[in-house]
file entry25.cif (mmCIF, C-alpha atoms)
data_upload
#
loop_
_atom_site.label_atom_id
_atom_site.label_comp_id
_atom_site.auth_asym_id
_atom_site.auth_seq_id
_atom_site.Cartn_x
_atom_site.Cartn_y
_atom_site.Cartn_z
CA MET A 1 11.21 6.19 5.33
CA ALA A 2 12.96 4.27 8.11
CA LEU A 3 11.50 4.32 11.58
CA PRO A 4 13.78 5.60 14.37
CA THR A 5 14.27 2.09 15.78
CA GLU A 6 15.16 0.70 12.35
CA LYS A 7 17.70 3.49 11.91
CA LYS A 8 19.18 2.77 15.35
CA ILE A 9 19.56 -0.92 14.50
CA PHE A 10 21.24 -0.06 11.19
CA MET A 11 23.61 2.40 12.88
CA ASN A 12 24.57 -0.11 15.56
CA MET A 13 25.42 -2.72 12.93
CA LYS A 14 27.60 -0.21 11.10
CA LYS A 15 29.56 0.88 14.20
CA ILE A 16 32.56 -1.34 13.49
CA VAL A 17 32.70 -0.33 9.83
CA GLU A 18 32.39 3.36 10.71
CA TYR A 19 35.11 3.16 13.34
CA ARG A 20 37.45 1.39 10.93
CA LYS A 21 36.72 4.05 8.31
CA LEU A 22 37.30 6.87 10.82
CA LEU A 23 40.74 5.52 11.71
CA ASN A 24 41.35 4.37 8.12
CA VAL A 25 42.19 0.79 9.08
CA THR A 26 41.19 -2.60 7.73
CA LYS A 27 39.76 -5.60 9.51
CA ALA A 28 43.27 -7.05 9.64
CA ALA A 29 44.82 -4.08 11.48
CA THR A 30 47.06 -5.14 14.36
CA LEU A 31 46.96 -3.59 17.80
CA LYS A 32 50.30 -1.92 17.09
CA GLU A 33 48.95 -0.36 13.88
CA LEU A 34 45.80 0.78 15.67
CA LYS A 35 47.85 2.42 18.40
CA THR A 36 50.10 4.23 15.91
CA ILE A 37 47.18 5.50 13.85
CA TYR A 38 45.30 6.54 16.99
CA ARG A 39 48.29 8.47 18.37
CA ASN A 40 48.92 10.22 15.05
CA SER A 41 45.24 11.14 14.77
CA MET A 42 45.23 12.52 18.29
CA LYS A 43 48.27 14.68 17.51
CA ASP A 44 46.36 16.28 14.65
CA PHE A 45 43.13 16.82 16.59
CA HIS A 46 44.20 17.36 20.20
CA PRO A 47 42.19 20.30 21.57
CA ASP A 48 45.08 21.63 23.68
CA THR A 49 47.10 22.41 20.55
CA ILE A 50 44.46 24.71 19.03
CA ALA A 51 44.06 28.36 20.04
CA ASP A 52 40.82 29.25 18.25
CA GLU A 53 37.77 28.43 20.41
CA ALA A 54 35.54 27.19 17.55
CA GLU A 55 38.30 25.01 16.11
CA ARG A 56 39.12 23.70 19.60
CA LEU A 57 35.52 22.60 20.13
CA GLU A 58 35.52 20.86 16.75
CA ALA A 59 38.85 19.17 17.57
CA GLU A 60 37.48 18.10 20.95
CA ALA A 61 34.50 16.41 19.29
CA LYS A 62 36.76 14.75 16.72
CA SER A 63 39.23 13.53 19.35
CA THR A 64 36.34 12.06 21.36
CA GLU A 65 35.33 10.11 18.23
CA PHE A 66 38.91 8.87 17.77
CA ILE A 67 39.10 7.75 21.40
CA ALA A 68 35.81 5.83 21.17
CA ALA A 69 36.81 4.23 17.86
CA TYR A 70 40.22 3.20 19.13
CA HIS A 71 38.95 1.62 22.35
CA PHE A 72 36.14 -0.18 20.58
CA LEU A 73 38.39 -1.57 17.83
CA VAL A 74 40.98 -2.70 20.38
CA SER A 75 38.25 -4.55 22.30
CA VAL A 76 37.16 -6.52 19.20
CA ALA A 77 40.62 -7.01 17.65
CA PRO A 78 41.69 -10.58 16.86
CA GLU A 79 44.81 -10.09 19.04
CA THR A 80 42.64 -9.13 22.01
CA ALA A 81 40.42 -12.16 21.45
CA GLU A 82 43.48 -14.40 21.17
CA ARG A 83 45.01 -12.95 24.35
CA ASN A 84 41.78 -13.58 26.27
CA LYS A 85 40.90 -16.89 24.60
CA ALA A 86 41.72 -19.13 27.57
CA GLU A 87 39.56 -17.07 29.92
CA TYR A 88 36.74 -16.91 27.35
CA THR A 89 36.88 -20.65 26.65
CA LYS A 90 36.79 -21.44 30.36
CA THR A 91 33.74 -19.20 30.82
CA ILE A 92 31.71 -20.55 27.90
CA THR A 93 32.47 -24.18 28.75
CA THR A 94 32.17 -24.19 32.55
CA ALA A 95 29.91 -21.30 33.54
CA GLY A 96 26.20 -21.19 33.01
CA ILE A 97 24.28 -18.26 31.64
CA ALA A 98 22.94 -16.12 34.46
CA ASP A 99 21.10 -13.66 32.25
CA PHE A 100 20.97 -12.45 28.66
CA TYR A 101 19.26 -9.73 26.72
CA PHE A 102 19.15 -8.34 23.22
CA ASP A 103 19.30 -4.77 21.97
CA ASN A 104 19.89 -3.52 18.43
CA MET A 105 21.42 -6.75 17.09
CA VAL A 106 23.77 -7.04 20.05
CA LEU A 107 23.32 -10.00 22.39
CA TYR A 108 24.52 -9.37 25.94
CA ILE A 109 25.26 -12.48 28.01
CA ASN A 110 26.08 -12.46 31.73
CA PHE A 111 27.63 -15.71 32.95
CA THR A 112 27.44 -17.25 36.41
CA ASP A 113 31.17 -16.69 36.94
CA GLY A 114 30.67 -12.92 36.60
CA ALA A 115 31.93 -12.66 33.02
CA LYS A 116 29.95 -10.50 30.60
CA TYR A 117 30.19 -10.62 26.82
CA GLU A 118 28.63 -8.71 23.93
CA TYR A 119 28.00 -10.51 20.62
CA PHE A 120 27.59 -8.29 17.55
CA GLY A 121 25.34 -8.85 14.54
CA VAL A 122 23.06 -11.43 16.12
CA PRO A 123 19.78 -11.62 14.18
CA LYS A 124 16.60 -11.12 16.20
CA ALA A 125 15.26 -14.47 14.95
CA LEU A 126 18.28 -16.26 16.46
CA TYR A 127 17.77 -14.44 19.77
CA ILE A 128 14.12 -15.56 19.79
CA LYS A 129 15.25 -19.15 19.24
CA MET A 130 17.65 -18.78 22.17
CA VAL A 131 14.85 -17.48 24.39
CA ASN A 132 12.69 -20.47 23.45
CA ALA A 133 15.47 -23.06 23.64
CA GLU A 134 15.29 -25.73 26.33
CA SER A 135 18.85 -24.83 27.36
CA SER A 136 20.02 -21.33 26.49
CA ALA A 137 23.61 -22.27 27.40
CA ARG A 138 23.64 -25.23 25.01
CA PHE A 139 21.98 -23.14 22.30
CA ALA A 140 24.60 -20.40 22.76
CA ARG A 141 27.47 -22.91 22.58
CA ARG A 142 26.12 -24.23 19.27
CA ASN A 143 24.89 -21.03 17.64
CA ILE A 144 26.47 -17.95 19.25
CA HIS A 145 29.93 -18.64 20.69
CA GLY A 146 32.53 -18.88 17.97
CA VAL A 147 30.09 -17.61 15.35
CA PHE A 148 29.69 -13.90 16.13
CA LEU A 149 32.21 -11.19 16.82
CA TYR A 150 32.35 -10.60 20.55
CA ARG A 151 34.06 -8.61 23.24
CA SER A 152 34.26 -8.76 26.98
CA ALA A 153 31.91 -6.28 28.60
CA ALA A 154 33.09 -6.87 32.17
CA LYS A 155 35.91 -4.36 31.74
CA LEU A 156 33.55 -1.79 30.27
CA VAL A 157 31.68 -0.94 33.46
CA GLY A 158 30.94 2.76 33.33
CA ALA A 159 32.00 2.96 29.68
CA GLU A 160 29.66 4.14 26.97
CA GLU A 161 30.21 1.16 24.64
#

call {"tool": "encode", "arguments": {"input": "entry25.cif", "output": "structure tokens"}}
result
Amino acid sequence: MALPTEKKIFMNMKKIVEYRKLLNVTKAATLKELKTIYRNSMKDFHPDTIADEAERLEAEAKSTEFIAAYHFLVSVAPETAERNKAEYTKTITTAGIADFYFDNMVLYINFTDGAKYEYFGVPKALYIKMVNAESSARFARRNIHGVFLYRSAAKLVGAEE
């Protein structure tokens, strides 16, 4: 039987897969495709279009899931990464690491220029090596940046994700 923390780690690692499955998209889905699928899904499950109270509550829960999935997948989409690549590259090459922490296979790095990034699927052993490295910034450049799926967390202030 899995311990609660093990289950939480497993669920966090599966978030991307679950969101893609919920919206029925592949890893290669474009932002335009995501938007179309999201809008069509919201038409089907928008709570304002349902009269029955029980069905409306169910639709509200489902639409909340669609919203979370859409925003998360947009934030990790290759097009989003490409659009923000210059800013990201500038941060990882010129700014130092102000702080970093690890939770459920997600590495959170705060840079000295104010940028914040989340890296998904980072093994705990790699995080421990980063903690013990002589230079965490150099270690991250060699072993984290460009290796793991990431998203900017600076724009997520107040967001659940």

call {"tool": "residues_around", "arguments": {"input": "entry25.cif", "residues": "A:Ala28", "least_positions_apart": "5", "cutoff": "12 Å", "atoms": "only C-alpha atoms", "output": "PyMOL selection string"}}
result
chain A and resi 20+33-34+73-74+76-79

call {"tool": "resolve_selection", "arguments": {"input": "entry25.cif", "expression": "the PyMOL selection byres ((chain A and resi 103-106) around 7)", "output": "list of chain:residue names"}}
result
A:Ile9, A:Asn12, A:Tyr101, A:Phe102, A:Leu107, A:Tyr108, A:Glu118, A:Tyr119, A:Phe120, A:Gly121, A:Val122, A:Pro123, A:Lys124

call {"tool": "residues_near_point", "arguments": {"input": "entry25.cif", "point": "(41.8, 3.9, 12.1)", "cutoff": "12 Å", "atoms": "all atoms listed in the file", "output": "number ranges by chain"}}
result
A: 16-42, 65-74

call {"tool": "write_last_selection", "arguments": {"input": "entry25.cif", "atoms": "C-alpha atoms", "output": "PDB file, in the frame of the given file"}}
result
ATOM      1  CA  ILE A  16      32.560  -1.340  13.490  1.00  0.00           C
ATOM      2  CA  VAL A  17      32.700  -0.330   9.830  1.00  0.00           C
ATOM      3  CA  GLU A  18      32.390   3.360  10.710  1.00  0.00           C
ATOM      4  CA  TYR A  19      35.110   3.160  13.340  1.00  0.00           C
ATOM      5  CA  ARG A  20      37.450   1.390  10.930  1.00  0.00           C
ATOM      6  CA  LYS A  21      36.720   4.050   8.310  1.00  0.00           C
ATOM      7  CA  LEU A  22      37.300   6.870  10.820  1.00  0.00           C
ATOM      8  CA  LEU A  23      40.740   5.520  11.710  1.00  0.00           C
ATOM      9  CA  ASN A  24      41.350   4.370   8.120  1.00  0.00           C
ATOM     10  CA  VAL A  25      42.190   0.790   9.080  1.00  0.00           C
ATOM     11  CA  THR A  26      41.190  -2.600   7.730  1.00  0.00           C
ATOM     12  CA  LYS A  27      39.760  -5.600   9.510  1.00  0.00           C
ATOM     13  CA  ALA A  28      43.270  -7.050   9.640  1.00  0.00           C
ATOM     14  CA  ALA A  29      44.820  -4.080  11.480  1.00  0.00           C
ATOM     15  CA  THR A  30      47.060  -5.140  14.360  1.00  0.00           C
ATOM     16  CA  LEU A  31      46.960  -3.590  17.800  1.00  0.00           C
ATOM     17  CA  LYS A  32      50.300  -1.920  17.090  1.00  0.00           C
ATOM     18  CA  GLU A  33      48.950  -0.360  13.880  1.00  0.00           C
ATOM     19  CA  LEU A  34      45.800   0.780  15.670  1.00  0.00           C
ATOM     20  CA  LYS A  35      47.850   2.420  18.400  1.00  0.00           C
ATOM     21  CA  THR A  36      50.100   4.230  15.910  1.00  0.00           C
ATOM     22  CA  ILE A  37      47.180   5.500  13.850  1.00  0.00           C
ATOM     23  CA  TYR A  38      45.300   6.540  16.990  1.00  0.00           C
ATOM     24  CA  ARG A  39      48.290   8.470  18.370  1.00  0.00           C
ATOM     25  CA  ASN A  40      48.920  10.220  15.050  1.00  0.00           C
ATOM     26  CA  SER A  41      45.240  11.140  14.770  1.00  0.00           C
ATOM     27  CA  MET A  42      45.230  12.520  18.290  1.00  0.00           C
ATOM     28  CA  GLU A  65      35.330  10.110  18.230  1.00  0.00           C
ATOM     29  CA  PHE A  66      38.910   8.870  17.770  1.00  0.00           C
ATOM     30  CA  ILE A  67      39.100   7.750  21.400  1.00  0.00           C
ATOM     31  CA  ALA A  68      35.810   5.830  21.170  1.00  0.00           C
ATOM     32  CA  ALA A  69      36.810   4.230  17.860  1.00  0.00           C
ATOM     33  CA  TYR A  70      40.220   3.200  19.130  1.00  0.00           C
ATOM     34  CA  HIS A  71      38.950   1.620  22.350  1.00  0.00           C
ATOM     35  CA  PHE A  72      36.140  -0.180  20.580  1.00  0.00           C
ATOM     36  CA  LEU A  73      38.390  -1.570  17.830  1.00  0.00           C
ATOM     37  CA  VAL A  74      40.980  -2.700  20.380  1.00  0.00           C
TER      38      VAL A  74
END

call {"tool": "residues_near_point", "arguments": {"input": "entry25.cif", "point": "(26.8, -10.0, 33.7)", "cutoff": "12 Å", "atoms": "all atoms listed in the file", "output": "ChimeraX atom specification"}}
result
/A:91,95-101,107-118,152-157

call {"tool": "atom_distance", "arguments": {"input": "entry25.cif", "atom1": "atom CA of A:Thr89", "atom2": "atom CA of A:Arg141"}}
result
10.5 Å

call {"tool": "atom_distance", "arguments": {"input": "entry25.cif", "atom1": "atom CA of A:Ala61", "atom2": "atom CA of A:Leu149"}}
result
27.8 Å

call {"tool": "atom_distance", "arguments": {"input": "entry25.cif", "atom1": "atom CA of A:Tyr150", "atom2": "atom CA of A:Lys90"}}
result
15.3 Å
